[in-house]
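Participant: Before I ask anything, let me first share the structure, which is written out below as structure tokens.
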Amino acid sequence: MKTKIISAIVVVSSFAVSSTAFAGETISVVGSSSVSPLMEVLGETYAKSNDVTVEVQGPGSSAGIRIAHDGSADLGMSSRSLKTAEESPQIKEVVIARDGIAVVVNNSNPITDLTKEQIAKIYKGNVTNWNQVGGEDKPIVVATRDTASGTRGAFEDIMSLKKKINDIKASAISQKAQVASGNGQLKTTVANNPFAIGYISLGSVDNTVKALTIDGHKPSIAAIKAGDYSVQRPFIMVYKEGRPSKEALDFLTWVQSPTAQKIVADKGFISIN
């Protein structure tokens with residue numbers, strides 16, 4: 001009996017060594033929760049014809065840029081442009097797509113259009129009732145993203161939601177706003193609250209919420225390409241020169257290819273081609 005047990009252990013050990021020897025390269029991609037769903041699809045597609053595994057994590061754009069600086073992952077993802085303090089000659093930026101930011105309300109809300117000025121006033125807390133913007137006499141429940149979110153950073157820049165405190169730029173979004181950790185959580189908040197308003201990636205819009213027109217322009221790929229819908233931002237891959245493996249750089253090159261960019265367009269984003 002003992003001989004048989006020893007034999008089984010040897011076989012298992014031999015198999016484990018063999019599996020490790022033939023394991024493919026793992027490409028680590030960390031950052032924006034808005035870019036993550038698209039990156040997961042791109043990674044899965046690429047892995048089917050290449051001996052690699054693409055691991056995607058979405059803690060936020062700030063985290064993605066930070067890991068690019070410290071080199072703790074191959075590639076970082078950001079859904080906003082880098083701030084001046086985040087730029088460095090060693091940090092490389094590659095735009096892989098563009099995305100609109102949709103302002104969304106509950107499907108039961110009769111409001112269909114707001115101006116950028118009205119949206120800014122709502123988020124600053126200056127407008128607190130839907131009847132102030134042509135809606136019902138109901139309180140406005142403001143939903144926003146956390147401060148590490150690239151979507152929030154881009155939204156604040158576009159909507160002029162920044163203020164200076166002791167010569168330091170800070171968010172002008174009301175402290176009373178409900179904070180969501182990702183596109184999915186924010187969308188759920190709006191879908192479940194008839195008085196809520198929020199903003200999410202255009203690629204995340206579905207029939208659970210209603211996307212508003214802004215200044216009369218619908219959030220669509222056509223409107224963004226025409227320059228009519230200005231609430232948009234880039235999807236960026238960032239990395240530290242010399243850090244990513246050859247496999248990671250090959251993957252990034254493929255992401256910019258016509259094949260990958262067709263996937264970008266099919267998923268409701270704007271290709272770079």
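Ordering of the structure tokens sets the chain letters (A, B, ...), residue numbers begin anew at 1 in every chain, and ligands are numbered from 1 in the order given.
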Please provide the set of residues having any atom within 12 Å of Ser72 (chain A), restricted to only C-alpha atoms, with same-chain residues fewer than 3 positions apart removed, written as a ChimeraX atom specification.

Facilitator: /A:27-31,63-69,75-76,239-240,243-244

Participant: Which residues come within 10 Å of region 105-120 of chain A, counting only C-alpha atoms, excluding same-chain residues fewer than 2 positions away, as number ranges by chain?

Facilitator: A: 102-103, 122-127, 130-136, 141-143, 155-156, 158-161, 172-173, 187-199, 207-218, 230-231

Participant: For CA of Ser79 (chain A) and CA of Ser32 (chain A), quote the distance in Å rounded to one decimal.

Facilitator: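 Atom-to-atom, CA of Ser79 (chain A) and CA of Ser32 (chain A) are spaced 6.0 Å apart.
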
Participant: Just the number, please: distance in Å from CA of Glu40 (chain A) to CA of Ala85 (chain A), one decimal.

Facilitator: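 For CA of Glu40 (chain A) relative to CA of Ala85 (chain A), the distance reads 28.7 Å.
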
Participant: Please run DSSP on the backbone and report, as a ChimeraX atom specification, all residues within region 4-205 of chain A that come out as strand (DSSP E or B).

Facilitator: /A:25-31,52-57,75-78,91-105,113-114,129,139,141-145,162-165,168-171,178-180,196-201

Participant: Nearest to Ala154 (chain A) among A:Val205, A:Met237, A:Leu38, A:Ile200, with distances taken over only C-alpha atoms: which residue is it?

Facilitator: A:Ile200

Participant: Pick from A:Ile165, A:Lys121, A:Val35, A:Gly71: nearest to Val56 (chain A), with only C-alpha atoms counted?

Facilitator: A:Val35

Participant: Which residues, written as a ChimeraX atom specification, have at least one atom at most 12 Å from Val52 (chain A), with only C-alpha atoms counted and residues fewer than 2 positions away on the same chain left out?

Facilitator: /A:22-28,43-50,54-55,245-248,250-251

Participant: What separation in Å, quoted to one decimal, exists between CA of Gly60 (chain A) and CA of Glu87 (chain A)?

Facilitator: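 Here the two named atoms are 17.3 Å from each other.
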
Participant: Restricting the calculation to only C-alpha atoms, which member of A:Gly182, A:Ala97, A:Gln175, A:Pro59 is positioned closest to Ile263 (chain A)?

Facilitator: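 Of all the options, A:Ala97 lies closest to Ile263 (chain A).
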
Participant: Ranking A:Leu249, A:Tyr229, A:Ser201, A:Pro258 by minimum distance to Gly184 (chain A) and counting only C-alpha atoms, which one comes first?

Facilitator: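 Going through A:Leu249, A:Tyr229, A:Ser201, A:Pro258 one by one, the smallest distance to Gly184 (chain A) is for A:Ser201.
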
Participant: Measuring between only C-alpha atoms, which one of A:Ala177, A:Ala170, A:Leu42, A:Leu82 shows the shortest distance to Thr128 (chain A)?

Facilitator: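 Of the candidates, the smallest distance to Thr128 (chain A) is held by A:Ala177.
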
Participant: Using only C-alpha atoms, which residue out of A:Asp228, A:Asp167, A:Glu241, A:Asp99 lies closest to Asp70 (chain A)?

Facilitator: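 Comparing A:Asp228, A:Asp167, A:Glu241, A:Asp99 against Asp70 (chain A), the winner is A:Glu241.
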
Participant: So that I can check the secondary structure, give me every residue of region 67-213 of chain A assigned alpha helix (DSSP H) by backbone DSSP, as a PyMOL selection string.

Facilitator: chain A and resi 67-70+116-124+150-158+183-192

Participant: For those residues, write C-alpha atoms to a file as an mmCIF file, in the first residue's frame.

Facilitator:
```cif
data_model
loop_
_atom_site.group_PDB
_atom_site.id
_atom_site.type_symbol
_atom_site.label_atom_id
_atom_site.label_comp_id
_atom_site.auth_asym_id
_atom_site.auth_seq_id
_atom_site.Cartn_x
_atom_site.Cartn_y
_atom_site.Cartn_z
ATOM 1 C CA ILE A 67 1.190 51.187 -10.943
ATOM 2 C CA ALA A 68 2.680 52.452 -14.187
ATOM 3 C CA HIS A 69 5.048 54.597 -12.140
ATOM 4 C CA ASP A 70 6.030 51.897 -9.657
ATOM 5 C CA LYS A 116 -24.117 71.608 -19.043
ATOM 6 C CA GLU A 117 -24.765 74.611 -16.805
ATOM 7 C CA GLN A 118 -27.772 72.930 -15.182
ATOM 8 C CA ILE A 119 -25.809 69.731 -14.598
ATOM 9 C CA ALA A 120 -22.963 71.672 -13.011
ATOM 10 C CA LYS A 121 -25.389 73.465 -10.678
ATOM 11 C CA ILE A 122 -26.970 70.149 -9.692
ATOM 12 C CA TYR A 123 -23.592 68.628 -8.857
ATOM 13 C CA LYS A 124 -22.466 71.714 -6.929
ATOM 14 C CA GLY A 150 -11.027 58.576 -14.010
ATOM 15 C CA THR A 151 -14.655 59.038 -15.031
ATOM 16 C CA ARG A 152 -15.126 61.472 -12.148
ATOM 17 C CA GLY A 153 -11.914 63.325 -12.988
ATOM 18 C CA ALA A 154 -12.928 63.732 -16.615
ATOM 19 C CA PHE A 155 -16.498 64.700 -15.658
ATOM 20 C CA GLU A 156 -15.233 67.377 -13.264
ATOM 21 C CA ASP A 157 -12.945 68.841 -15.924
ATOM 22 C CA ILE A 158 -15.622 68.878 -18.633
ATOM 23 C CA ASN A 183 -19.940 52.276 -13.187
ATOM 24 C CA GLY A 184 -22.049 49.290 -12.187
ATOM 25 C CA GLN A 185 -22.773 50.488 -8.662
ATOM 26 C CA LEU A 186 -23.607 54.009 -9.821
ATOM 27 C CA LYS A 187 -25.922 52.693 -12.532
ATOM 28 C CA THR A 188 -27.696 50.500 -9.968
ATOM 29 C CA THR A 189 -28.120 53.504 -7.655
ATOM 30 C CA VAL A 190 -29.845 55.498 -10.417
ATOM 31 C CA ALA A 191 -31.899 52.543 -11.626
ATOM 32 C CA ASN A 192 -33.273 51.979 -8.121
#
```
